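Just below is one structure, and these are the notes that go with it.
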Amino acid sequence: MIGQAIADGFLTGGILALGAIGVSLSSQILKFANFSHSELLTWGAYIALTFTMFATAGAPIGPLSFGWSLLFAVLLAGVLTGVLAIIVDRLVFRRLRSRHANSLTMVFASFGVALILRNLVLLIWGPEAQYYTSELQIATEILPGIRLLPDQVFVLGLTIVLVIGLHLILKYSRLGMSMRAMAESPALARVCGVKIETVVRWTWVVAGMLAAIAGIFSGLTVQLRPEMGFNLLLAILTAAILGGSGSLFGAVIGGLVVGLAENLSVLVIPANFKAAVPFMILILVLYFRPQGLLGKSETK
Amino acid sequence: MGIVSYLIFFAIVVSILSIITLGLNLQWGSTGVFNAGVVGFYAVGGYTYAILTAPGRPELLVNLELPWILGVVGALIASAIAALLVGLATMKLRGDYLAIATFGIAVTIQLIALNWEGLTGGSLGMTSVPRPLSGFFETPFTYNVFYLCLSAGFCLLTYWALERIVRSPWGRVLRAIREDEGAAIALGKDAATLRLQAFVLGSTVMGLAGALYVGFIGFVSPFDFVPIITFQIWTMLIVGGSGNNKGAVLGTLVVWGLWSASGTLISKILPAAFQTQGGAVQTILIGLVLVLTLLFKPGGLIGEEPTTSRHAG
């Protein structure tokens with residue numbers, strides 16, 4: 001029972017972590033809490049769905065429920081969702097930035113962007129739940145008392161690879177250094193020759209790609225619905241705050257904590273109230289450790 | 001007659017929604033408290049009214065069959081208490097952190113409404129909630145005329161009270177906190193308490209609107225208190241002009257007018273099978289209006305009036 005809840009918690013946690021990294025990046029580099037980030041998850045998932053509908057599914061790879069076409073769809077959806085994020089930035093957020101609008105105006109704008117993006121999904125793909133494949137899978141016992149679907153194992157593995165890859169990029173590449181510099185101090189970064197708009201563009205690309213992958217994973221392990229991203233929004237924002245700013249691994253740990261807490265809570269509270277768990281964590285964190293678990297405390 | 005009764009219905013909804021927008025304007029426009037959980041307090045008011053006034057049913061924990069006016073008073077008290085609890089936990093927070101926390105509150109309140117069946121009736125909600133003084137009116141039309149007077153009366157009362165409040169010394173301190181909290185504290189103002197007061201008062205006003213809404217439709221359902229309402233109310237405030245009570249009411253009228261007109265148009269054009277998609281178009285329009293306002297008319301239709309102290313100059 002408890003082992004299974006922990007395994008499910010890691011799975012949810014991984015998906016939340018990928019979303020939270022994007023939120024965390026945009027709150028550090030773009031300096032606002034992006035309430036429309038969750039819609040990038042939805043868009044990524046649906047773009048991938050469209051590709052899988054056009055491509056022939058191909059034989060499933062090993063025990064997985066999907067074939068190579070879904071893997072290509074992941075790649076394409078990641079890129080296209082990054083492009084979508086840049087388009088939204090061009091149309092809305094960049095204009096506000098150039099006017100030096102304050103960060104809360106950006107949050108309001110993200111409310112509007114979220115409404116538009118979410119309902120475009122509804123308009124284009126319809127309200128019904130959809131699935132990537134109709135293949136049936138049998139859960140295998142990977143540890144005593146813990147059963148996972150092969151797809152779920154794949155999702156967990158790929159999440160770990162992505163996080164490590166992103167860590168290496170942020171740590172060692174020129175782009176990663178510029179992004180970290182922007183997060184520390186945009187003014188100093190500019191003086192040091194960092195091209196602000198380039199960094200902003202790449203931030204959206206990275207955030208959009210990770211969001212798309214998180215969305216696809218969520219669609220793969222649950223189902224696709226127009227409100228799938230929005231339903232994860234609170235958990236993702238909580239994970240990002242929990243992780244604290246300035247740390248990639250913080251967002252990952254935040255995601256895992258929220259995912260585990262949600263799944264373990266079912267052992268003590270009715271499952272109907274599972275969705276309130278992120279909120280309870282959020283209140284506790286904001287009250288006792290507003291700088292997040294790994295964040296440095298700010299002294300002013 | 002059809003168009004007249006529609007206009008009366010429209011005006012009732014606008015006056016109820018205006019009350020919410022006015023409450024939000026006290027919190028955000030006057031004080032700078034970012035409440036992204038508007039719908040939560042609206043729901044607390046609506047549900048409290050229903051629980052206090054609806055006839056008892058064996059499967060529900062409490063139904064008191066109180067007179068409607070006590071239902072309204074109870075709604076005010078319940079939303080004030082809810083806001084006080086929430087405020088005590090969150091008023092330390094600023095800006096987007098507060099927005100995320102209050103957004104979480106609204107999600108949680110909706111969950112309770114949906115799942116605590118003994119108290120709220122769960123997803124079925126509660127039916128046959130008494131409508132204020134409905135026994136005195138013969139036809140639905142005359143009743144709606146009466147209800148328009150009632151809700152518009154409450155709206156005017158709220159407007160008048162909030163106008164008095166923001167022009168009072170207390171209101172000026174709120175604006176001082178909004179503009180420069182550090183300076184207000186340096187002048188000896190207890191910013192934390194004042195922010196909490198504004199938050200509780202604004203949320204109480206939202207609770208009033210909830211009671212009026214449920215009293216009007218005569219039933220309560222969790223699907224009337226969905227998260228999108230929060231964003232609609234924010235759109236109304238920003239479109240009308242944050243910081244200005246007239247703007248709050250005007251924004252409500254404009255945005256709800258657009259919402260209703262586009263809804264009517266879509267239901268005429270689209271076949272019944274595509275109504276869900278029609279709802280999506282309506283929501284996209286709201287999002288567009290919000291974004292376009294922020295981009296091209298950041299102060300809203302009528303922005304905040306500049307105020308100068310009569311002692312200045």
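Each chain of the structure tokens is named A, B, ... in the order shown, its residues numbered from 1; ligands are numbered from 1 in display order.
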
For this session: Pull out every residue of chain B that has at least one atom within 10 Å of chain A, counting only C-alpha atoms, and report them as number ranges by chain.
Result: B: 34, 36, 86, 89-93, 95-112, 114-116, 228, 230-232, 234-235, 238, 274, 276-296, 298

For this session: Could you tell me, as an MDAnalysis selection string, which residues of segment 71-299 of chain A DSSP assigns to strand (DSSP E) when given the backbone?
Result: chainID A and resid 140:143 146:148

Take the residues from that selection and write them out as a tab-separated table (two decimals), in the first residue's frame, keeping all heavy atoms.
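Resulting contents of again_8.tsv:
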```tsv
chain	number	residue	atom	x	y	z
A	140	THR	N	3.76	-4.48	-14.00
A	140	THR	CA	4.65	-5.52	-13.49
A	140	THR	C	5.14	-5.13	-12.11
A	140	THR	O	5.27	-3.94	-11.79
A	140	THR	CB	5.86	-5.72	-14.41
A	140	THR	OG1	6.34	-4.43	-14.76
A	140	THR	CG2	5.50	-6.50	-15.64
A	141	GLU	N	5.42	-6.15	-11.34
A	141	GLU	CA	5.86	-5.90	-9.98
A	141	GLU	C	7.36	-5.64	-10.03
A	141	GLU	O	8.16	-6.53	-10.33
A	141	GLU	CB	5.54	-7.14	-9.11
A	141	GLU	CG	5.67	-6.88	-7.64
A	141	GLU	CD	4.81	-7.86	-6.85
A	141	GLU	OE1	4.45	-8.90	-7.39
A	141	GLU	OE2	4.49	-7.55	-5.69
A	142	ILE	N	7.77	-4.38	-9.80
A	142	ILE	CA	9.20	-4.08	-9.90
A	142	ILE	C	9.88	-4.24	-8.55
A	142	ILE	O	11.07	-4.50	-8.47
A	142	ILE	CB	9.44	-2.67	-10.46
A	142	ILE	CG1	8.67	-1.62	-9.67
A	142	ILE	CG2	9.12	-2.58	-11.91
A	142	ILE	CD1	9.20	-0.24	-9.85
A	143	LEU	N	9.14	-4.05	-7.48
A	143	LEU	CA	9.65	-4.30	-6.13
A	143	LEU	C	8.49	-4.98	-5.41
A	143	LEU	O	7.35	-4.84	-5.83
A	143	LEU	CB	10.01	-2.99	-5.42
A	143	LEU	CG	11.33	-2.32	-5.79
A	143	LEU	CD1	11.41	-0.94	-5.17
A	143	LEU	CD2	12.52	-3.17	-5.34
A	146	ILE	N	5.02	-3.22	-5.22
A	146	ILE	CA	4.97	-2.02	-6.06
A	146	ILE	C	4.81	-2.43	-7.51
A	146	ILE	O	5.67	-3.10	-8.09
A	146	ILE	CB	6.24	-1.17	-5.88
A	146	ILE	CG1	6.38	-0.76	-4.42
A	146	ILE	CG2	6.19	0.05	-6.78
A	146	ILE	CD1	7.67	-0.03	-4.14
A	147	ARG	N	3.69	-2.01	-8.10
A	147	ARG	CA	3.44	-2.33	-9.49
A	147	ARG	C	3.47	-1.06	-10.32
A	147	ARG	O	2.88	-0.06	-9.96
A	147	ARG	CB	2.05	-2.97	-9.64
A	147	ARG	CG	1.96	-4.33	-9.01
A	147	ARG	CD	0.59	-4.94	-9.18
A	147	ARG	NE	0.66	-6.35	-8.84
A	147	ARG	CZ	1.05	-7.29	-9.70
A	147	ARG	NH1	1.35	-6.96	-10.95
A	147	ARG	NH2	1.12	-8.54	-9.34
A	148	LEU	N	4.19	-1.11	-11.42
A	148	LEU	CA	4.20	0.04	-12.33
A	148	LEU	C	3.99	-0.46	-13.75
A	148	LEU	O	4.40	-1.57	-14.09
A	148	LEU	CB	5.55	0.76	-12.25
A	148	LEU	CG	5.80	1.68	-11.05
A	148	LEU	CD1	7.17	2.32	-11.17
A	148	LEU	CD2	4.73	2.76	-10.94
```

Dump as a Markdown table the rows for residues of segment 19-83 of chain B within 6 Å of segment 240-254 of chain B: closest atom pair and distance in Å with one decimal, only C-alpha atoms counted, ordered by chain and rising residue number.
```
| residue | atom | partner | partner_atom | distance |
| --- | --- | --- | --- | --- |
| B:Thr21 | CA | B:Ala248 | CA | 5.7 |
| B:Leu22 | CA | B:Ala248 | CA | 5.9 |
| B:Gly29 | CA | B:Gly243 | CA | 3.8 |
| B:Ser30 | CA | B:Gly243 | CA | 5.6 |
```

Preceding selection exported with N, CA, C and O atoms as an mmCIF file, in the first residue's frame:
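Final file, selection22.cif:
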```cif
data_model
loop_
_atom_site.group_PDB
_atom_site.id
_atom_site.type_symbol
_atom_site.label_atom_id
_atom_site.label_comp_id
_atom_site.auth_asym_id
_atom_site.auth_seq_id
_atom_site.Cartn_x
_atom_site.Cartn_y
_atom_site.Cartn_z
ATOM 1 N N THR B 21 -16.979 42.860 -7.881
ATOM 2 C CA THR B 21 -15.898 43.675 -8.428
ATOM 3 C C THR B 21 -15.565 44.831 -7.492
ATOM 4 O O THR B 21 -14.395 45.192 -7.325
ATOM 5 N N LEU B 22 -16.608 45.409 -6.855
ATOM 6 C CA LEU B 22 -16.356 46.486 -5.896
ATOM 7 C C LEU B 22 -15.519 45.973 -4.717
ATOM 8 O O LEU B 22 -14.608 46.652 -4.242
ATOM 9 N N GLY B 29 -7.550 47.532 -5.873
ATOM 10 C CA GLY B 29 -7.484 48.915 -6.327
ATOM 11 C C GLY B 29 -7.031 49.868 -5.231
ATOM 12 O O GLY B 29 -6.209 50.747 -5.463
ATOM 13 N N SER B 30 -7.579 49.694 -4.017
ATOM 14 C CA SER B 30 -7.244 50.647 -2.964
ATOM 15 C C SER B 30 -6.025 50.229 -2.168
ATOM 16 O O SER B 30 -5.248 51.076 -1.735
#
```

Problem set entry | Near-Ala261 of chain A list (10 Å; only C-alpha atoms; drop same-chain fewer than 6 positions) as a PyMOL selection string | chain A and resi 5-6+9-10+13+255+274+277-278+281
